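*Asks:* So here's my_file.cif, just mmCIF, C-alpha atoms and all ligand atoms:
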data_protein
#
loop_
_atom_site.label_atom_id
_atom_site.label_comp_id
_atom_site.auth_asym_id
_atom_site.auth_seq_id
_atom_site.Cartn_x
_atom_site.Cartn_y
_atom_site.Cartn_z
CA MET Q 214 61.03 57.89 -9.23
CA ARG Q 215 64.50 57.01 -7.96
CA TYR Q 216 67.26 56.38 -10.48
CA VAL Q 217 69.78 53.62 -9.86
CA THR Q 218 73.17 53.00 -11.45
CA VAL Q 219 76.03 50.53 -11.52
CA ALA Q 220 78.61 52.11 -9.22
CA SER Q 221 81.24 49.41 -9.36
CA CYS Q 222 81.98 46.03 -10.97
CA GLY Q 223 84.06 43.02 -10.00
CA SER Q 224 84.78 39.53 -11.23
CA CYS Q 225 86.52 36.31 -10.30
CA LEU Q 226 87.57 33.54 -12.66
CA PRO Q 227 89.09 30.25 -11.53
CA SER Q 228 92.74 29.98 -12.56
CA HIS Q 229 92.50 26.51 -14.13
CA VAL Q 230 92.12 26.73 -17.93
CA LEU Q 231 90.63 23.88 -19.94
CA SER Q 232 91.26 24.39 -23.65
CA ASN Q 233 89.49 22.75 -26.57
CA HIS Q 234 92.73 20.85 -27.21
CA ASP Q 235 92.60 19.53 -23.63
CA LEU Q 236 89.06 18.29 -24.34
CA GLU Q 237 90.29 16.44 -27.43
CA ARG Q 238 92.31 14.20 -25.08
CA PHE Q 239 89.29 12.63 -23.40
CA LEU Q 240 86.33 13.45 -25.64
CA GLU Q 241 85.45 12.61 -29.22
CA THR Q 242 85.68 16.20 -30.39
CA THR Q 243 88.05 18.66 -32.03
CA HIS Q 244 89.08 22.23 -31.44
CA GLU Q 245 87.90 23.01 -34.98
CA TRP Q 246 84.38 21.68 -34.32
CA ILE Q 247 83.97 23.56 -31.03
CA HIS Q 248 85.49 26.79 -32.33
CA SER Q 249 83.55 26.84 -35.59
CA ARG Q 250 80.19 26.00 -33.91
CA THR Q 251 80.53 28.24 -30.85
CA GLY Q 252 83.55 30.58 -30.98
CA ILE Q 253 84.85 29.03 -27.73
CA ASN Q 254 88.59 28.30 -27.41
CA GLU Q 255 88.86 27.61 -23.68
CA ARG Q 256 86.99 27.87 -20.41
CA ARG Q 257 87.81 28.14 -16.69
CA ILE Q 258 87.14 25.25 -14.34
CA ALA Q 259 86.65 25.77 -10.61
CA GLY Q 260 89.02 23.74 -8.44
CA ALA Q 261 87.98 21.68 -5.44
CA ASN Q 262 88.04 24.70 -3.09
CA GLU Q 263 86.56 27.16 -5.56
CA ASP Q 264 82.86 26.83 -4.84
CA ASN Q 265 80.31 29.53 -5.64
CA LEU Q 266 80.79 31.15 -2.25
CA HIS Q 267 84.50 31.57 -2.92
CA LEU Q 268 83.93 32.93 -6.43
CA SER Q 269 81.13 35.27 -5.26
CA LEU Q 270 83.20 36.67 -2.41
CA GLU Q 271 86.20 37.34 -4.64
CA ALA Q 272 84.01 39.05 -7.27
CA SER Q 273 82.20 41.09 -4.58
CA ARG Q 274 85.44 42.15 -2.89
CA ASP Q 275 86.71 43.25 -6.30
CA ALA Q 276 83.57 45.36 -6.75
CA LEU Q 277 83.86 46.79 -3.21
CA ARG Q 278 87.51 47.71 -3.84
CA GLY Q 279 86.38 49.75 -6.82
CA SER Q 280 84.01 51.80 -4.68
CA SER Q 281 84.58 53.65 -1.46
CA LEU Q 282 82.15 51.28 0.24
CA ARG Q 283 82.50 48.57 2.83
CA GLY Q 284 80.29 45.57 3.36
CA GLU Q 285 78.17 47.27 6.01
CA ASP Q 286 77.30 50.08 3.57
CA ILE Q 287 75.33 47.57 1.47
CA ASP Q 288 71.80 46.80 2.64
CA LEU Q 289 70.66 44.30 0.00
CA THR Q 290 72.47 41.17 -1.25
CA ILE Q 291 71.16 39.18 -4.20
CA VAL Q 292 72.93 36.24 -5.81
CA ALA Q 293 71.86 34.95 -9.22
CA THR Q 294 72.87 31.34 -9.73
CA THR Q 295 71.71 28.07 -11.25
CA THR Q 296 74.30 26.01 -9.38
CA CYS Q 297 73.85 27.02 -5.75
CA ASP Q 298 76.45 25.34 -3.52
CA ARG Q 299 73.73 24.02 -1.20
CA MET Q 300 69.96 23.69 -1.48
CA VAL Q 301 69.55 25.52 1.83
CA PRO Q 302 70.27 28.28 2.77
CA ALA Q 303 70.56 30.82 -0.02
CA LEU Q 304 74.12 31.56 -1.05
CA ALA Q 305 73.44 35.29 -0.60
CA CYS Q 306 73.17 34.71 3.17
CA SER Q 307 76.66 33.21 3.28
CA VAL Q 308 77.95 36.12 1.19
CA GLN Q 309 76.30 38.49 3.67
CA ARG Q 310 77.96 36.72 6.60
CA GLU Q 311 81.41 36.98 5.07
CA LEU Q 312 81.18 40.55 3.79
CA GLY Q 313 79.14 42.02 6.63
CA THR Q 314 76.42 43.39 4.36
CA ARG Q 315 73.03 44.17 5.96
CA GLY Q 316 69.35 43.83 5.04
CA PRO Q 317 67.63 41.18 2.94
CA ALA Q 318 69.75 38.47 1.27
CA PHE Q 319 68.39 35.91 -1.18
CA ASP Q 320 69.12 33.99 -4.38
CA ILE Q 321 67.44 34.14 -7.77
CA ASN Q 322 67.43 31.35 -10.32
CA ALA Q 323 66.55 32.54 -13.79
CA ALA Q 324 69.45 30.64 -15.37
CA CYS Q 325 71.47 32.71 -17.84
CA SER Q 326 69.03 35.63 -17.47
CA GLY Q 327 69.45 35.51 -13.68
CA PHE Q 328 71.77 38.49 -13.40
CA THR Q 329 69.41 40.79 -15.31
CA TYR Q 330 66.47 39.56 -13.21
CA ALA Q 331 68.45 40.19 -10.00
CA VAL Q 332 69.38 43.73 -11.03
CA VAL Q 333 65.74 44.56 -11.81
CA VAL Q 334 64.58 43.15 -8.45
CA ALA Q 335 67.28 45.19 -6.69
CA LEU Q 336 66.24 48.29 -8.66
CA HIS Q 337 62.67 47.99 -7.42
CA LEU Q 338 63.64 47.27 -3.82
CA MET Q 339 65.75 50.43 -3.99
CA ARG Q 340 62.96 52.43 -5.63
CA GLY Q 341 60.57 51.17 -2.96
CA GLY Q 342 62.85 52.42 -0.19
CA ILE Q 343 63.59 48.92 1.11
CA ALA Q 344 67.28 49.21 0.30
CA SER Q 345 69.67 52.04 -0.48
CA ARG Q 346 72.64 50.14 -1.94
CA ALA Q 347 72.66 46.64 -3.40
CA LEU Q 348 75.26 44.00 -4.12
CA VAL Q 349 74.19 41.83 -7.06
CA VAL Q 350 76.29 38.77 -7.87
CA GLY Q 351 76.09 36.27 -10.73
CA THR Q 352 78.01 33.09 -10.02
CA GLU Q 353 78.21 29.57 -11.45
CA THR Q 354 80.08 26.31 -11.14
CA LEU Q 355 78.30 24.79 -14.11
CA THR Q 356 81.14 22.40 -14.80
CA ARG Q 357 79.94 20.45 -11.75
CA ILE Q 358 76.50 19.72 -13.23
CA ILE Q 359 77.45 18.74 -16.75
CA ASP Q 360 78.15 15.28 -18.07
CA TRP Q 361 81.79 15.26 -19.11
CA THR Q 362 81.11 12.36 -21.48
CA ASP Q 363 78.39 14.28 -23.37
CA ARG Q 364 80.24 16.23 -26.06
CA SER Q 365 77.12 18.11 -27.16
CA THR Q 366 76.88 20.02 -23.84
CA CYS Q 367 80.14 19.82 -21.89
CA VAL Q 368 82.16 21.83 -24.40
CA LEU Q 369 79.91 24.86 -23.97
CA PHE Q 370 80.23 25.83 -20.31
CA GLY Q 371 82.66 27.31 -17.80
CA ASP Q 372 82.82 28.64 -14.23
CA GLY Q 373 83.17 32.13 -12.74
CA ALA Q 374 81.48 34.99 -10.93
CA GLY Q 375 80.80 38.69 -11.47
CA ALA Q 376 79.37 41.32 -9.15
CA VAL Q 377 78.07 44.87 -9.27
CA ILE Q 378 77.17 47.44 -6.64
CA LEU Q 379 74.06 49.45 -7.38
CA GLU Q 380 73.67 52.97 -6.01
CA PRO Q 381 71.18 55.82 -6.39
CA CYS Q 382 72.09 58.36 -9.08
CA ASP Q 383 70.78 61.54 -10.67
CA ARG Q 384 67.55 61.65 -12.60
CA GLY Q 385 67.88 60.46 -16.21
CA GLU Q 386 71.04 58.46 -15.51
CA GLY Q 387 71.69 54.83 -14.65
CA ILE Q 388 69.02 52.26 -15.53
CA LEU Q 389 66.66 53.81 -18.09
CA SER Q 390 64.67 50.74 -19.10
CA TYR Q 391 64.45 47.02 -18.55
CA SER Q 392 62.67 44.07 -20.09
CA LEU Q 393 62.14 40.67 -18.46
CA GLY Q 394 60.22 37.63 -19.62
CA ALA Q 395 59.80 33.88 -19.55
CA TRP Q 396 58.24 31.20 -21.75
CA GLY Q 397 57.50 28.29 -19.43
CA GLU Q 398 56.64 25.97 -22.31
CA GLY Q 399 60.37 25.90 -22.90
CA ASP Q 400 61.20 24.37 -19.51
CA LYS Q 401 62.06 21.11 -21.28
CA LEU Q 402 64.64 22.65 -23.56
CA ILE Q 403 67.37 23.11 -20.93
CA PHE Q 404 67.20 21.36 -17.58
CA ALA Q 405 69.11 19.36 -14.97
CA GLU Q 406 67.37 16.96 -12.55
CA GLY Q 407 70.23 16.66 -10.08
CA GLY Q 408 70.30 18.61 -6.84
CA GLY Q 409 66.57 19.26 -6.65
CA ALA Q 410 64.11 17.88 -4.12
CA ARG Q 411 62.50 15.67 -6.77
CA MET Q 412 65.66 13.64 -6.86
CA MET Q 413 66.13 12.46 -3.31
CA ALA Q 414 69.71 12.92 -2.23
CA SER Q 415 69.11 10.58 0.72
CA LEU Q 416 68.77 7.65 -1.67
CA SER Q 417 72.36 7.98 -2.71
CA GLY Q 418 73.25 6.82 0.82
CA ASN Q 419 73.31 3.25 2.06
CA LEU Q 420 69.81 2.15 3.08
CA ASP Q 421 70.92 -1.35 4.08
CA GLY Q 422 68.19 -3.05 2.07
CA ARG Q 423 65.42 -1.10 3.81
CA GLU Q 424 64.25 0.59 0.59
CA GLU Q 425 61.18 -1.60 0.13
CA SER Q 426 59.75 -1.20 3.62
CA MET Q 427 60.53 2.52 3.66
CA ALA Q 428 58.89 3.02 0.25
CA THR Q 429 55.58 1.72 1.72
CA TYR Q 430 55.43 4.76 3.96
CA LEU Q 431 57.43 7.22 1.86
CA PRO Q 432 56.08 6.93 -1.69
CA PHE Q 433 58.45 9.53 -3.08
CA LEU Q 434 61.31 7.10 -2.51
CA SER Q 435 60.33 5.35 -5.72
CA HIS Q 436 61.98 8.25 -7.53
CA ALA Q 437 65.39 6.74 -7.00
CA TRP Q 438 68.41 8.99 -7.44
CA ASN Q 439 70.19 6.31 -9.37
CA ASP Q 440 67.39 5.90 -11.92
CA ARG Q 441 67.68 9.40 -13.22
CA TYR Q 442 70.15 11.29 -15.32
CA PRO Q 443 71.15 14.23 -13.12
CA TYR Q 444 73.17 16.30 -15.60
CA LEU Q 445 72.34 19.30 -17.73
CA GLN Q 446 70.40 18.42 -20.88
CA MET Q 447 69.64 20.73 -23.75
CA ASP Q 448 68.00 20.93 -27.14
CA GLY Q 449 70.76 23.00 -28.69
CA ARG Q 450 69.03 23.84 -31.98
CA GLU Q 451 65.78 25.06 -30.40
CA VAL Q 452 67.66 27.09 -27.81
CA TYR Q 453 69.78 28.61 -30.55
CA LYS Q 454 66.73 29.89 -32.49
CA PHE Q 455 65.07 31.20 -29.33
CA ALA Q 456 68.27 32.98 -28.25
CA VAL Q 457 68.72 34.89 -31.50
CA ARG Q 458 65.06 35.95 -31.57
CA LYS Q 459 64.85 37.01 -27.92
CA LEU Q 460 68.16 38.82 -27.92
CA CYS Q 461 66.94 41.00 -30.80
CA GLU Q 462 63.45 41.55 -29.39
CA THR Q 463 64.79 42.47 -25.96
CA VAL Q 464 67.30 44.97 -27.33
CA GLU Q 465 64.58 46.59 -29.45
CA ASP Q 466 62.17 46.70 -26.50
CA LEU Q 467 64.78 48.37 -24.27
CA CYS Q 468 65.45 51.06 -26.87
CA ARG Q 469 61.75 51.64 -27.50
CA GLN Q 470 60.97 52.05 -23.81
CA ALA Q 471 63.85 54.48 -23.25
CA ALA Q 472 63.09 56.32 -26.52
CA VAL Q 473 66.63 55.92 -27.86
CA ASN Q 474 67.87 54.71 -31.25
CA LEU Q 475 69.88 51.52 -31.30
CA GLY Q 476 72.56 53.47 -33.17
CA GLU Q 477 73.10 55.61 -30.05
CA VAL Q 478 73.95 52.57 -27.90
CA ARG Q 479 77.70 52.43 -27.29
CA LEU Q 480 78.04 48.79 -26.20
CA ILE Q 481 75.92 45.67 -25.81
CA VAL Q 482 77.11 43.20 -23.19
CA PRO Q 483 75.26 39.99 -24.05
CA HIS Q 484 75.08 36.66 -22.31
CA GLN Q 485 78.13 34.83 -23.64
CA ALA Q 486 76.57 31.65 -25.01
CA ASN Q 487 77.74 31.32 -28.57
CA TYR Q 488 79.53 33.53 -31.09
CA ARG Q 489 77.12 32.52 -33.86
CA ILE Q 490 74.09 33.56 -31.78
CA ILE Q 491 75.57 37.04 -31.31
CA GLN Q 492 76.63 37.24 -34.96
CA ALA Q 493 73.12 36.33 -36.16
CA ALA Q 494 71.56 38.83 -33.74
CA ALA Q 495 73.92 41.60 -34.88
CA GLN Q 496 72.96 40.90 -38.48
CA ARG Q 497 69.25 40.90 -37.70
CA LEU Q 498 69.54 44.13 -35.70
CA GLY Q 499 71.59 45.70 -38.50
CA ILE Q 500 74.53 46.66 -36.27
CA PRO Q 501 78.22 45.71 -36.46
CA LEU Q 502 79.48 42.83 -34.33
CA GLU Q 503 81.89 45.32 -32.71
CA CYS Q 504 78.88 46.77 -30.84
CA PHE Q 505 78.98 43.62 -28.66
CA HIS Q 506 81.56 42.91 -25.99
CA LEU Q 507 82.55 39.25 -26.32
CA ASN Q 508 84.79 37.13 -24.14
CA LEU Q 509 83.21 33.69 -24.66
CA ASP Q 510 86.31 32.61 -26.60
CA ARG Q 511 88.17 32.59 -23.26
CA PHE Q 512 85.47 31.87 -20.69
CA ALA Q 513 82.68 30.02 -22.58
CA ASN Q 514 79.12 30.14 -21.19
CA THR Q 515 79.13 30.94 -17.46
CA SER Q 516 75.33 31.34 -17.29
CA ALA Q 517 74.27 33.91 -14.66
CA ALA Q 518 77.89 35.03 -14.28
CA SER Q 519 78.61 35.77 -17.91
CA ILE Q 520 77.12 39.28 -18.14
CA PRO Q 521 78.76 40.73 -15.00
CA ILE Q 522 82.10 39.10 -15.91
CA ALA Q 523 81.94 40.62 -19.40
CA LEU Q 524 80.75 43.98 -18.05
CA GLU Q 525 83.67 44.19 -15.62
CA GLU Q 526 86.07 43.41 -18.45
CA ALA Q 527 84.52 45.98 -20.80
CA VAL Q 528 84.81 48.65 -18.09
CA ARG Q 529 88.41 47.69 -17.28
CA TRP Q 530 89.30 47.80 -20.97
CA GLY Q 531 87.92 51.34 -21.22
CA LYS Q 532 85.13 50.42 -23.63
CA ILE Q 533 82.49 52.33 -21.63
CA SER Q 534 82.63 56.00 -20.58
CA PRO Q 535 80.27 58.14 -18.50
CA GLY Q 536 77.27 59.19 -20.59
CA ASP Q 537 77.43 56.10 -22.84
CA LEU Q 538 74.34 53.99 -23.36
CA VAL Q 539 75.02 50.35 -22.49
CA ILE Q 540 72.75 47.33 -22.86
CA LEU Q 541 73.03 44.13 -20.81
CA VAL Q 542 71.01 41.28 -22.31
CA GLY Q 543 70.59 37.64 -21.32
CA PHE Q 544 68.60 34.56 -22.33
CA GLY Q 545 68.56 30.99 -21.11
CA ALA Q 546 66.86 28.09 -19.40
CA GLY Q 547 63.25 28.53 -18.42
CA LEU Q 548 63.17 29.74 -21.08
CA THR Q 549 63.87 33.21 -19.76
CA TRP Q 550 65.21 36.50 -21.07
CA GLY Q 551 66.12 39.84 -19.60
CA GLY Q 552 67.70 43.13 -20.56
CA ILE Q 553 68.69 46.45 -19.01
CA LEU Q 554 69.57 49.74 -20.70
CA ILE Q 555 71.90 51.97 -18.69
CA ARG Q 556 73.11 55.54 -19.13
CA TRP Q 557 76.58 54.90 -17.74
CA THR Q 558 77.66 57.13 -14.88
CA GLY Q 559 81.24 56.01 -14.36
CA CYS Q 560 82.58 53.06 -12.51
CA LYS Q 561 85.95 51.52 -11.63
C1 LIG I 1 75.05 23.07 -29.35
C2 LIG I 1 75.37 23.67 -30.72
C3 LIG I 1 76.75 24.31 -30.67
C4 LIG I 1 75.38 22.56 -31.76
O1 LIG I 1 75.69 23.10 -33.00
P1 LIG I 1 74.92 22.57 -34.30
O2 LIG I 1 75.55 23.20 -35.47
O3 LIG I 1 73.46 22.82 -34.09
O4 LIG I 1 75.27 21.04 -34.27
P2 LIG I 1 74.25 19.81 -34.35
O5 LIG I 1 73.41 19.75 -33.13
O6 LIG I 1 73.58 19.92 -35.66
O7 LIG I 1 75.23 18.59 -34.36
C5 LIG I 1 75.96 18.29 -35.50
C6 LIG I 1 76.79 17.06 -35.28
O8 LIG I 1 77.90 17.37 -34.43
C7 LIG I 1 78.00 16.39 -33.42
N1 LIG I 1 78.57 16.99 -32.22
C8 LIG I 1 77.91 17.50 -31.17
N2 LIG I 1 78.80 17.96 -30.29
C9 LIG I 1 80.04 17.74 -30.81
C10 LIG I 1 81.33 18.01 -30.36
N3 LIG I 1 81.59 18.62 -29.20
N4 LIG I 1 82.36 17.67 -31.15
C11 LIG I 1 82.16 17.06 -32.33
N5 LIG I 1 80.94 16.79 -32.79
C12 LIG I 1 79.88 17.13 -32.04
C13 LIG I 1 76.60 15.88 -33.22
O9 LIG I 1 76.64 14.58 -32.68
C14 LIG I 1 76.06 15.90 -34.63
O10 LIG I 1 76.50 14.73 -35.28
P3 LIG I 1 75.51 13.94 -36.26
O11 LIG I 1 75.12 14.92 -37.31
O12 LIG I 1 76.38 12.83 -36.75
O13 LIG I 1 74.36 13.50 -35.39
C15 LIG I 1 74.31 24.72 -31.13
O14 LIG I 1 73.08 24.10 -31.38
C16 LIG I 1 74.15 25.79 -30.08
O15 LIG I 1 75.05 26.54 -29.81
N6 LIG I 1 72.95 25.90 -29.49
C17 LIG I 1 72.69 26.83 -28.43
C18 LIG I 1 73.18 26.25 -27.17
C19 LIG I 1 73.37 27.28 -26.11
O16 LIG I 1 74.02 28.25 -26.30
N7 LIG I 1 72.76 27.03 -24.94
C20 LIG I 1 72.83 27.83 -23.81
C21 LIG I 1 71.96 28.99 -23.99
S1 LIG I 1 71.84 29.89 -22.53
#
Do you think you could lay out the structure here as structure tokens?

*Replies:*
Amino acid sequence: MRYVTVASCGSCLPSHVLSNHDLERFLETTHEWIHSRTGINERRIAGANEDNLHLSLEASRDALRGSSLRGEDIDLTIVATTTCDRMVPALACSVQRELGTRGPAFDINAACSGFTYAVVVALHLMRGGIASRALVVGTETLTRIIDWTDRSTCVLFGDGAGAVILEPCDRGEGILSYSLGAWGEGDKLIFAEGGGARMMASLSGNLDGREESMATYLPFLSHAWNDRYPYLQMDGREVYKFAVRKLCETVEDLCRQAAVNLGEVRLIVPHQANYRIIQAAAQRLGIPLECFHLNLDRFANTSAASIPIALEEAVRWGKISPGDLVILVGFGAGLTWGGILIRWTGCK
């Protein structure tokens, strides 16, 4: 069996900061409410020219700079995102074009678990001999799909991208175990209608009063774009309970599979959804909160991007050394969850 490790990390965050106090100016909310319920103080908002391609490329170039590799040395490109710039083609293909990577390129949507899913897919394509080095990106411009008048969701999210390069490594190092799952019954707990084929984009154009005659031949036109609420919707309380439970179960599963004690794990890099979720999970797992790397106070929930952004920061801050055991763990819409346990081998 081939072993695979994280050889380099990169990230890109938009420069525009939107603080809780900024939100108070146009939303019926307070910094105190947001901070006490979530731990979030501010988030980054992508500007008009900062689409997911831009963020992905900057994060990937950052990761490439940290390795001795160039684009053409990579033969697999996977992008995890919930907010793809375009429905077609996959963002990974545009990333490939710009960076000159080779081999297969495709996107994965597993929401906030997307990055962990993408790493596991890359791992198996590498183990199967289909690729030798992979670029895995998590990127989101979630602030474009949320309703900025809905205070129960819009305060939670931010934009950004993170990337890693995966390389083969020695036996017993790198990724030691992983755990992925989904509970499809929960597909109603977080969702957004906009941007999908069910909600015809063509109807947002001017049909010059031809709707009725066209609908005779094209029955799907009755699903009018304007009749539906396109933005992200969420049952916060249910998601909260699920997140705490799955975070704990996934961490325990990873340790069991790799035959290590949780106490031996140096750092957990969780999906950055909510401080209270992490706090409750730490309590349930019986470990100190300091075992988790948190940056959601500054960047909020960036979905598929949050784990690689936090991982890059933890590495840059010197919180992970070669030989350390590190867990990446995510949970989110789907509902999905995913985790990876890594024996760290060194990285920029
Ligand atoms: C969303 C979340 C922060 C709400 O916290 P909560 O303590 O459960 O709050 P509640 O839903 O009970 O709402 C309490 C009140 O605050 C109000 N409220 C909601 N958003 C508010 C805001 N931004 N500012 C002020 N008040 C707000 C609600 O309207 C409600 O008022 P009411 O009691 O008069 O109806 C919490 O449920 C959560 O974090 N869930 C997980 C969400 C998540 O992380 N999703 C992504 C996972 S990948």

*Asks:* Report the closest atom pair, with its distance in Å rounded to one decimal, for each residue of segment 230-316 of chain Q that has an atom no farther than 12 Å from segment 525-544 of chain Q; count all atoms listed in the file, sort by chain and then rising residue number, and write it as a tab-separated table.

*Replies:*
residue	atom	partner	partner_atom	distance
Q:Ala272	CA	Q:Glu525	CA	9.8
Q:Ser273	CA	Q:Glu525	CA	11.6
Q:Asp275	CA	Q:Glu525	CA	9.8
Q:Ala276	CA	Q:Glu525	CA	8.9
Q:Gly279	CA	Q:Glu525	CA	10.8

*Asks:* Restricted to C-alpha atoms, what would the selected residues look like written as a short mmCIF file (atom, residue, chain, number, x, y, z; two decimals), keeping the file's coordinate frame?

*Replies:*
data_model
loop_
_atom_site.label_atom_id
_atom_site.label_comp_id
_atom_site.auth_asym_id
_atom_site.auth_seq_id
_atom_site.Cartn_x
_atom_site.Cartn_y
_atom_site.Cartn_z
CA ALA Q 272 84.01 39.05 -7.27
CA SER Q 273 82.20 41.09 -4.58
CA ASP Q 275 86.71 43.25 -6.30
CA ALA Q 276 83.57 45.36 -6.75
CA GLY Q 279 86.38 49.75 -6.82
#

*Asks:* Around ligand LIG 1 (chain I), which protein and nucleic acid residues have at least one atom no more than 6 Å from it, if we count all atoms listed in the file? List them as number ranges by chain.

*Replies:* Q: 242-243, 246-247, 250-251, 325, 364-365, 368, 449-450, 452-453, 486-487, 544-545

*Asks:* Could you please determine the separation between atom CA of Ala324 of chain Q and atom CA of Ala518 of chain Q in Å, to one decimal place?

*Replies:* 9.6 Å

*Asks:* Quick one: residues within 12 Å of Asp466 of chain Q, all atoms listed in the file, excluding same-chain residues fewer than 6 positions away - as a list in words?

*Replies:*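 Non-adjacent residues within range: Leu389, Ser390, Tyr391, Ser392, Leu393, Gly394, Lys459, Leu460, Ala472, Val473, Asn474, Leu475, Ile540, Val542, Trp550, Gly551, Gly552, Ile553 and Leu554 of chain Q.
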
*Asks:* May I have the protein, DNA and RNA residues with an atom at most 6 Å from (81.0, 34.8, -10.9), counting all atoms listed in the file in the file's coordinates, returned as a PyMOL selection string?

*Replies:* chain Q and resi 225+268-269+351-353+373-375+518

*Asks:* Pick out the closest residue to Tyr444 of chain Q from this set: Q:Gly284, Q:Gly313, Q:Gly409, Q:Gly341. Count all atoms listed in the file.

*Replies:* Q:Gly409

*Asks:* Using only C-alpha atoms, pick whichever of Q:Ile490, Q:Ala305, Q:Ile522, Q:Leu266 has the shortest atom-to-atom distance to Ile291 of chain Q.

*Replies:*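 For Ile291 of chain Q, the nearest of the given residues is Q:Ala305.
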
*Asks:* Give the answer as one residue: which of Q:Thr295, Q:Ser519, Q:Thr290, Q:Gln492 has the shortest atom-to-atom distance to Ala347 of chain Q, using only C-alpha atoms?

*Replies:* Q:Thr290

*Asks:* Using only C-alpha atoms, what residues lie at most 12 Å away from (86.3, 50.2, -4.1) (file coordinates), given as JSON, numbers by chain?

*Replies:* {"Q": [220, 221, 222, 223, 272, 273, 274, 275, 276, 277, 278, 279, 280, 281, 282, 283, 284, 286, 377, 378, 560, 561]}

*Asks:* Looking at all atoms listed in the file, which of Q:Asn514, Q:Thr218, Q:Thr294, Q:Thr366 is the one that sits closest to Ile253 of chain Q?

*Replies:*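 Of the candidates, the smallest distance to Ile253 of chain Q is held by Q:Asn514.
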
*Asks:* Please indicate the distance in Å from atom CA of Ala259 of chain Q to atom CA of Gly371 of chain Q, rounded to one decimal place.

*Replies:*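 Atom-to-atom, atom CA of Ala259 of chain Q to atom CA of Gly371 of chain Q, that is 8.4 Å.
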
*Asks:* Go through Q:Ala261, Q:Ala456, Q:Val219, Q:Leu502 and flag the residue nearest Arg346 of chain Q, using all atoms listed in the file for the distances.

*Replies:*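 Comparing Q:Ala261, Q:Ala456, Q:Val219, Q:Leu502 against Arg346 of chain Q, the winner is Q:Val219.
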
*Asks:* Box time for segment 532-546 of chain Q: axis-aligned, enclosing all its listed atoms, 5 Å extra on each side; report centre and edge lengths in Å to one decimal, as JSON.

*Replies:*
{"center_x": 76.0, "center_y": 43.6, "center_z": -21.1, "size_x": 28.3, "size_y": 41.1, "size_z": 15.1}

*Asks:* Counting only C-alpha atoms, which of Q:Thr549, Q:Gln309, Q:Asn233, Q:Asn254 gets nearest to Thr329 of chain Q?

*Replies:*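 Of the candidates, the smallest distance to Thr329 of chain Q is held by Q:Thr549.
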
*Asks:* Could you please fill out segment 305-314 of chain Q with N, CA, C and O atoms and send it back as a PDB file, in the coordinates of the input?

*Replies:*
ATOM      1  N   ALA Q 305      73.340  33.860  -0.946  1.00  0.00           N
ATOM      2  CA  ALA Q 305      73.440  35.290  -0.600  1.00  0.00           C
ATOM      3  C   ALA Q 305      73.605  35.486   0.907  1.00  0.00           C
ATOM      4  O   ALA Q 305      74.249  36.442   1.346  1.00  0.00           O
ATOM      5  N   CYS Q 306      73.040  34.582   1.704  1.00  0.00           N
ATOM      6  CA  CYS Q 306      73.170  34.710   3.170  1.00  0.00           C
ATOM      7  C   CYS Q 306      74.612  34.452   3.597  1.00  0.00           C
ATOM      8  O   CYS Q 306      75.132  35.131   4.490  1.00  0.00           O
ATOM      9  N   SER Q 307      75.256  33.486   2.952  1.00  0.00           N
ATOM     10  CA  SER Q 307      76.660  33.210   3.280  1.00  0.00           C
ATOM     11  C   SER Q 307      77.548  34.368   2.819  1.00  0.00           C
ATOM     12  O   SER Q 307      78.512  34.732   3.495  1.00  0.00           O
ATOM     13  N   VAL Q 308      77.210  34.945   1.673  1.00  0.00           N
ATOM     14  CA  VAL Q 308      77.950  36.120   1.190  1.00  0.00           C
ATOM     15  C   VAL Q 308      77.787  37.257   2.197  1.00  0.00           C
ATOM     16  O   VAL Q 308      78.761  37.931   2.567  1.00  0.00           O
ATOM     17  N   GLN Q 309      76.561  37.442   2.679  1.00  0.00           N
ATOM     18  CA  GLN Q 309      76.300  38.490   3.670  1.00  0.00           C
ATOM     19  C   GLN Q 309      77.147  38.288   4.918  1.00  0.00           C
ATOM     20  O   GLN Q 309      77.768  39.207   5.446  1.00  0.00           O
ATOM     21  N   ARG Q 310      77.181  37.035   5.390  1.00  0.00           N
ATOM     22  CA  ARG Q 310      77.960  36.720   6.600  1.00  0.00           C
ATOM     23  C   ARG Q 310      79.427  37.109   6.424  1.00  0.00           C
ATOM     24  O   ARG Q 310      80.039  37.738   7.280  1.00  0.00           O
ATOM     25  N   GLU Q 311      79.989  36.746   5.283  1.00  0.00           N
ATOM     26  CA  GLU Q 311      81.410  36.980   5.070  1.00  0.00           C
ATOM     27  C   GLU Q 311      81.765  38.440   4.828  1.00  0.00           C
ATOM     28  O   GLU Q 311      82.820  38.897   5.220  1.00  0.00           O
ATOM     29  N   LEU Q 312      80.859  39.163   4.157  1.00  0.00           N
ATOM     30  CA  LEU Q 312      81.180  40.550   3.790  1.00  0.00           C
ATOM     31  C   LEU Q 312      80.632  41.552   4.795  1.00  0.00           C
ATOM     32  O   LEU Q 312      80.990  42.728   4.759  1.00  0.00           O
ATOM     33  N   GLY Q 313      79.719  41.102   5.649  1.00  0.00           N
ATOM     34  CA  GLY Q 313      79.140  42.020   6.630  1.00  0.00           C
ATOM     35  C   GLY Q 313      78.110  42.965   6.033  1.00  0.00           C
ATOM     36  O   GLY Q 313      77.880  44.062   6.548  1.00  0.00           O
ATOM     37  N   THR Q 314      77.491  42.554   4.912  1.00  0.00           N
ATOM     38  CA  THR Q 314      76.420  43.390   4.360  1.00  0.00           C
ATOM     39  C   THR Q 314      75.199  43.262   5.267  1.00  0.00           C
ATOM     40  O   THR Q 314      75.126  42.370   6.121  1.00  0.00           O
TER      41      THR Q 314
END
